[in-house]
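Coordinates from entry26.txt are shown below (compact mmCIF, C-alpha atoms).
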# COMPACT_ATOMS: atom_id res chain seq x y z
CA MET A 1 0.00 0.00 0.00
CA GLU A 2 1.29 3.46 -0.91
CA LEU A 3 2.25 5.83 1.92
CA ILE A 4 3.92 8.68 -0.01
CA ARG A 5 3.11 10.02 -3.47
CA ILE A 6 5.12 12.94 -4.85
CA SER A 7 3.72 14.26 -8.13
CA ASP A 8 5.18 16.92 -10.47
CA VAL A 9 6.91 18.74 -7.62
CA GLN A 10 9.04 21.77 -8.38
CA LYS A 11 10.87 24.10 -6.01
CA THR A 12 12.80 27.22 -6.97
CA TYR A 13 14.46 29.32 -4.29
CA LYS A 14 14.52 33.12 -4.32
CA THR A 15 18.11 32.98 -5.55
CA GLY A 16 16.83 31.40 -8.76
CA THR A 17 18.23 27.96 -7.91
CA VAL A 18 15.92 25.17 -9.00
CA ALA A 19 16.18 22.70 -6.11
CA LEU A 20 13.67 20.21 -7.55
CA TYR A 21 12.30 19.88 -11.04
CA ASP A 22 9.29 17.71 -11.95
CA ALA A 23 9.92 15.21 -9.14
CA ASN A 24 7.72 12.13 -9.16
CA LEU A 25 8.03 9.39 -6.57
CA SER A 26 5.95 6.71 -4.86
CA ILE A 27 6.94 4.99 -1.60
CA LYS A 28 5.03 2.07 -0.13
CA LYS A 29 4.28 1.43 3.52
CA GLY A 30 7.13 -0.45 5.19
CA GLU A 31 9.83 0.50 2.68
CA PHE A 32 13.33 1.68 3.59
CA VAL A 33 14.46 4.22 1.00
CA PHE A 34 17.76 6.09 0.70
CA VAL A 35 17.80 9.50 -0.98
CA ILE A 36 21.28 10.27 -2.27
CA GLY A 37 23.03 12.83 -4.44
CA ALA A 38 25.82 15.39 -4.43
CA SER A 39 25.60 18.64 -2.49
CA GLY A 40 23.01 20.80 -4.22
CA SER A 41 21.27 17.84 -5.86
CA GLY A 42 17.98 18.58 -4.11
CA LYS A 43 17.92 15.73 -1.59
CA SER A 44 17.70 17.97 1.48
CA THR A 45 14.90 19.97 -0.12
CA LEU A 46 12.99 16.79 -0.88
CA ILE A 47 13.42 15.52 2.69
CA LYS A 48 12.36 18.88 4.19
CA MET A 49 9.21 18.89 2.08
CA LEU A 50 8.14 15.59 3.64
CA TYR A 51 7.88 17.21 7.08
CA ARG A 52 6.80 20.59 5.65
CA GLU A 53 9.92 22.55 6.49
CA GLU A 54 9.75 23.59 2.82
CA LYS A 55 6.77 23.93 0.46
CA PRO A 56 6.85 23.20 -3.28
CA ASP A 57 6.02 25.90 -5.81
CA ARG A 58 4.10 23.34 -7.82
CA GLY A 59 2.86 19.76 -7.47
CA SER A 60 1.53 17.63 -4.64
CA ILE A 61 3.05 15.63 -1.78
CA ILE A 62 0.58 13.13 -0.39
CA ILE A 63 1.48 11.39 2.89
CA GLY A 64 -1.09 9.00 4.28
CA GLY A 65 -3.81 10.65 2.21
CA ILE A 66 -2.92 14.22 3.23
CA ASN A 67 -1.50 16.72 0.72
CA VAL A 68 1.17 18.27 2.93
CA ALA A 69 2.05 20.77 0.19
CA LYS A 70 -1.35 22.40 0.70
CA LEU A 71 -1.39 22.07 4.48
CA ARG A 72 -2.04 25.34 6.31
CA ASN A 73 0.74 26.40 8.64
CA ARG A 74 -1.46 26.03 11.73
CA LYS A 75 -2.02 22.37 10.88
CA VAL A 76 1.64 21.45 10.34
CA TYR A 77 1.99 20.45 14.01
CA ALA A 78 -0.68 17.77 13.48
CA LEU A 79 1.31 16.34 10.57
CA ARG A 80 4.52 16.23 12.61
CA ARG A 81 2.74 14.34 15.39
CA LYS A 82 2.21 11.54 12.86
CA LEU A 83 5.80 11.24 11.72
CA GLY A 84 9.24 11.17 13.27
CA VAL A 85 12.27 13.19 12.17
CA VAL A 86 15.92 12.50 13.00
CA PHE A 87 18.58 15.11 12.21
CA GLN A 88 22.35 15.09 11.85
CA ASP A 89 22.92 17.25 14.94
CA PHE A 90 20.70 15.33 17.42
CA LYS A 91 18.83 18.44 18.69
CA LEU A 92 18.58 17.11 22.24
CA LEU A 93 17.64 19.37 25.16
CA PRO A 94 20.88 19.62 27.20
CA LYS A 95 19.24 20.21 30.58
CA LEU A 96 17.01 17.15 30.32
CA THR A 97 18.07 13.57 30.98
CA VAL A 98 17.91 10.87 28.31
CA TYR A 99 14.58 9.72 29.76
CA GLU A 100 13.20 13.27 29.92
CA ASN A 101 14.26 14.06 26.33
CA VAL A 102 12.26 11.09 25.05
CA ALA A 103 9.33 11.61 27.41
CA PHE A 104 9.02 15.27 26.43
CA ALA A 105 7.33 14.44 23.10
CA MET A 106 4.62 12.41 24.84
CA GLU A 107 4.14 14.92 27.66
CA ALA A 108 3.43 17.61 25.07
CA LEU A 109 0.57 15.47 23.74
CA GLY A 110 -0.96 14.95 27.17
CA TYR A 111 -0.28 11.26 27.80
CA ASP A 112 -0.51 10.13 31.43
CA LYS A 113 2.68 9.43 33.36
CA ARG A 114 2.20 5.67 33.54
CA GLU A 115 1.82 5.35 29.78
CA ILE A 116 4.76 7.69 29.17
CA HIS A 117 7.02 5.67 31.47
CA LYS A 118 6.09 2.37 29.84
CA ARG A 119 6.61 3.62 26.29
CA VAL A 120 9.84 5.56 26.99
CA ILE A 121 11.51 2.55 28.63
CA GLU A 122 10.27 0.41 25.74
CA VAL A 123 11.86 2.58 23.04
CA LEU A 124 15.07 3.16 24.99
CA ASP A 125 15.38 -0.60 25.28
CA LEU A 126 14.78 -0.90 21.52
CA VAL A 127 17.69 1.46 20.76
CA GLY A 128 19.93 -0.11 23.43
CA LEU A 129 19.96 2.70 25.99
CA LYS A 130 18.14 1.38 29.08
CA ASN A 131 21.37 1.75 31.06
CA VAL A 132 21.73 5.53 30.52
CA VAL A 133 18.20 6.80 31.20
CA ARG A 134 19.29 9.19 33.97
CA LYS A 135 22.32 10.61 32.19
CA TYR A 136 22.41 13.96 30.40
CA PRO A 137 23.32 14.40 26.71
CA ASP A 138 26.83 15.68 27.48
CA GLN A 139 27.52 12.54 29.53
CA ILE A 140 27.01 10.11 26.64
CA SER A 141 28.71 9.55 23.27
CA GLY A 142 27.62 10.98 19.93
CA GLY A 143 26.29 7.61 18.85
CA GLU A 144 24.27 7.31 22.05
CA GLN A 145 22.92 10.83 21.58
CA GLN A 146 21.71 9.89 18.12
CA ARG A 147 20.01 6.81 19.57
CA VAL A 148 18.21 9.09 22.02
CA ALA A 149 17.12 11.26 19.08
CA ILE A 150 15.80 8.16 17.28
CA ALA A 151 13.96 7.00 20.41
CA ARG A 152 12.37 10.42 20.74
CA ALA A 153 11.33 10.33 17.06
CA ILE A 154 9.58 6.96 17.35
CA VAL A 155 8.09 7.21 20.84
CA ASN A 156 4.70 8.22 19.38
CA ARG A 157 4.72 5.22 17.02
CA PRO A 158 4.89 7.15 13.73
CA LYS A 159 4.12 5.38 10.46
CA LEU A 160 6.95 7.34 8.79
CA LEU A 161 10.46 8.10 10.06
CA ILE A 162 12.38 10.76 8.13
CA CYS A 163 16.14 10.80 8.63
CA ASP A 164 18.19 13.76 7.37
CA GLU A 165 21.87 12.73 7.34
CA PRO A 166 21.55 10.95 10.73
CA THR A 167 25.10 9.53 10.59
CA GLY A 168 26.76 12.70 9.31
CA ASN A 169 28.56 13.44 12.60
CA LEU A 170 29.48 9.85 13.45
CA ASP A 171 32.44 7.58 12.76
CA PRO A 172 31.93 4.58 10.39
CA ASP A 173 31.50 1.93 13.10
CA THR A 174 29.02 4.03 15.08
CA SER A 175 27.20 4.87 11.84
CA MET A 176 26.62 1.19 11.13
CA GLU A 177 25.34 0.69 14.68
CA ILE A 178 22.79 3.44 14.07
CA MET A 179 21.83 1.82 10.75
CA LYS A 180 21.18 -1.48 12.53
CA VAL A 181 18.86 0.34 14.95
CA LEU A 182 17.01 1.91 12.00
CA GLU A 183 16.79 -1.45 10.25
CA ASN A 184 15.20 -2.97 13.37
CA ILE A 185 12.66 -0.14 13.48
CA ASN A 186 11.89 -0.66 9.79
CA ALA A 187 11.43 -4.39 10.39
CA MET A 188 8.68 -3.52 12.88
CA GLY A 189 6.71 -1.82 10.11
CA THR A 190 7.86 1.80 10.16
CA THR A 191 8.54 3.32 6.75
CA ILE A 192 11.95 5.03 6.64
CA VAL A 193 13.16 7.67 4.19
CA MET A 194 16.78 8.64 4.77
CA ALA A 195 18.94 11.25 3.06
CA THR A 196 22.65 10.48 3.21
CA HIS A 197 25.95 11.28 1.53
CA ASP A 198 27.57 8.12 2.92
CA ARG A 199 27.87 5.76 -0.06
CA ASP A 200 29.45 3.05 2.10
CA ILE A 201 26.27 2.82 4.17
CA VAL A 202 24.14 2.66 1.04
CA ASP A 203 26.40 -0.05 -0.43
CA ARG A 204 26.19 -2.17 2.70
CA MET A 205 22.50 -1.78 3.49
CA GLN A 206 21.21 -2.75 0.03
CA LYS A 207 17.89 -0.87 0.21
CA ARG A 208 15.97 1.02 -2.44
CA VAL A 209 17.89 4.10 -3.63
CA ILE A 210 16.61 7.36 -5.12
CA LEU A 211 19.42 9.29 -6.83
CA LEU A 212 19.05 13.03 -7.45
CA ASP A 213 21.18 15.24 -9.65
CA HIS A 214 20.65 18.96 -10.19
CA GLY A 215 17.09 18.81 -8.90
CA LYS A 216 15.99 15.79 -10.88
CA ILE A 217 15.39 12.19 -9.87
CA ILE A 218 17.67 10.41 -12.33
CA LYS A 219 17.64 6.88 -10.88
CA ASP A 220 15.22 4.81 -8.82
CA ILE A 221 17.10 1.64 -7.93
CA GLU A 222 15.30 -1.37 -6.49
CA LYS A 223 16.17 -2.85 -3.11
CA GLY A 224 19.35 -4.93 -3.36
CA SER A 225 20.23 -3.63 -6.83
CA TYR A 226 22.34 -0.59 -5.90
CA VAL A 227 25.92 -0.66 -7.12
CA HIS A 228 28.29 2.18 -6.20
CA GLU A 229 29.46 2.47 -9.79
CA THR A 230 25.99 3.44 -10.98
CA VAL A 231 26.53 6.95 -9.65

Structure re-expressed in structure tokens:
Amino acid sequence: MELIRISDVQKTYKTGTVALYDANLSIKKGEFVFVIGASGSGKSTLIKMLYREEKPDRGSIIIGGINVAKLRNRKVYALRRKLGVVFQDFKLLPKLTVYENVAFAMEALGYDKREIHKRVIEVLDLVGLKNVVRKYPDQISGGEQQRVAIARAIVNRPKLLICDEPTGNLDPDTSMEIMKVLENINAMGTTIVMATHDRDIVDRMQKRVILLDHGKIIKDIEKGSYVHETV
């Protein structure tokens, strides 16, 4: 079943740069899709449009039946409650513990404390962090901080997890640990769309790959078919 449908999307910035040109893409529920391309290829713009950080000048972006391109600004928060986003720079709250950082998302939605506690411990266990729940972000490693960010992004059980260069600040071994966490989340049914510049990760993971170049989708490579030399 289709979760995302991008149709005839175009985005031109005020500088005159065409970030995306006639982009068309369909992603099914449960897929794990990499979005790759050189700097300036349009991948970050595409990713940002999925969580309505950017709006297209033309075309539609349907996620779970909702055209997010036409979504009014006051309703964007409702969209973001239904999806999770993981960034390169973690974006953790430094004065909150690991537990509190993850719980914060549920507290904002009014869940009761018992339900929050159960779910937070559950997701921290899923990402391998049950032993650091009372520590603060500056007391744990970069890889652990990214795991906290992932736990926070999935605590509300989103159908879609959007990852924007989530391994960009991590060493290769830690990056692969994060990818294993994401793969486990995907195996539980969450659709994942991940922008990355790390070709080694893409080579090793063997997922579906969308390749952008100068604002155009030039390749859509099936799961397990990606070869580094195709780029």

Computed interatomic separation between atom CA of A:Ala103 and atom CA of A:Ala187 (Å): 23.5 Å

Pairwise distance for atom CA of A:Met106 and atom CA of A:Ile178, rounded to one decimal in Å: 22.9 Å

Can you tell me how far atom CA of A:Val127 sits from atom CA of A:Thr190, in Å to one decimal? 14.5 Å

Choose the residue, out of A:Asn101, A:Thr167, A:Gln10, A:Asn186, that has the smallest atom-to-atom separation from A:Val202; count all atoms listed in the file.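 Nearest candidate to A:Val202 out of A:Asn101, A:Thr167, A:Gln10, A:Asn186: A:Thr167.
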
Would you pick out the contacts of A:His214 at 12 Å or less, using only C-alpha atoms, so that residues sharing its chain but fewer than 3 positions from it are not included, and give the list as a ChimeraX atom specification? /A:11-12,17-23,36-43,45,211,217-218

Identify, on the basis of only C-alpha atoms, every residue whose closest approach to stretch 168-171 of chain A does not exceed 8 Å; exclude the query and any residue fewer than 4 positions from it along the same chain; express the result as a list in words.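 Neighbouring residues, sequence-local ones excluded: Gln88, Asp89, Gly142, Gly143, Ser175, Thr196, His197 and Asp198 of chain A.
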
Find the residues with any atom within 9 Å of (2.5, 9.6, 2.3); use all atoms listed in the file and the coordinates as given in the file, and write the answer as an MDAnalysis selection string. chainID A and resid 2:6 26:29 50 61:68 160

Counting all atoms listed in the file, which residue out of A:Val85, A:Ala78, A:Val148, A:Ile192 sits closest to A:Val132?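 Counting all atoms listed in the file, the residue closest to A:Val132 is A:Val148.
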
Applying 7 Å and all atoms listed in the file, which residues near A:Pro158 remain after dropping the ones on its own chain fewer than 3 positions away? List them as a list in words. Lys82, Leu83, Gly84, Ile154 and Leu161 of chain A

Residues just named, written with C-alpha atoms as a PDB file, in the coordinates of the input:
ATOM      1  CA  LYS A  82       2.210  11.540  12.860  1.00  0.00           C
ATOM      2  CA  LEU A  83       5.800  11.240  11.720  1.00  0.00           C
ATOM      3  CA  GLY A  84       9.240  11.170  13.270  1.00  0.00           C
ATOM      4  CA  ILE A 154       9.580   6.960  17.350  1.00  0.00           C
ATOM      5  CA  LEU A 161      10.460   8.100  10.060  1.00  0.00           C
TER       6      LEU A 161
END
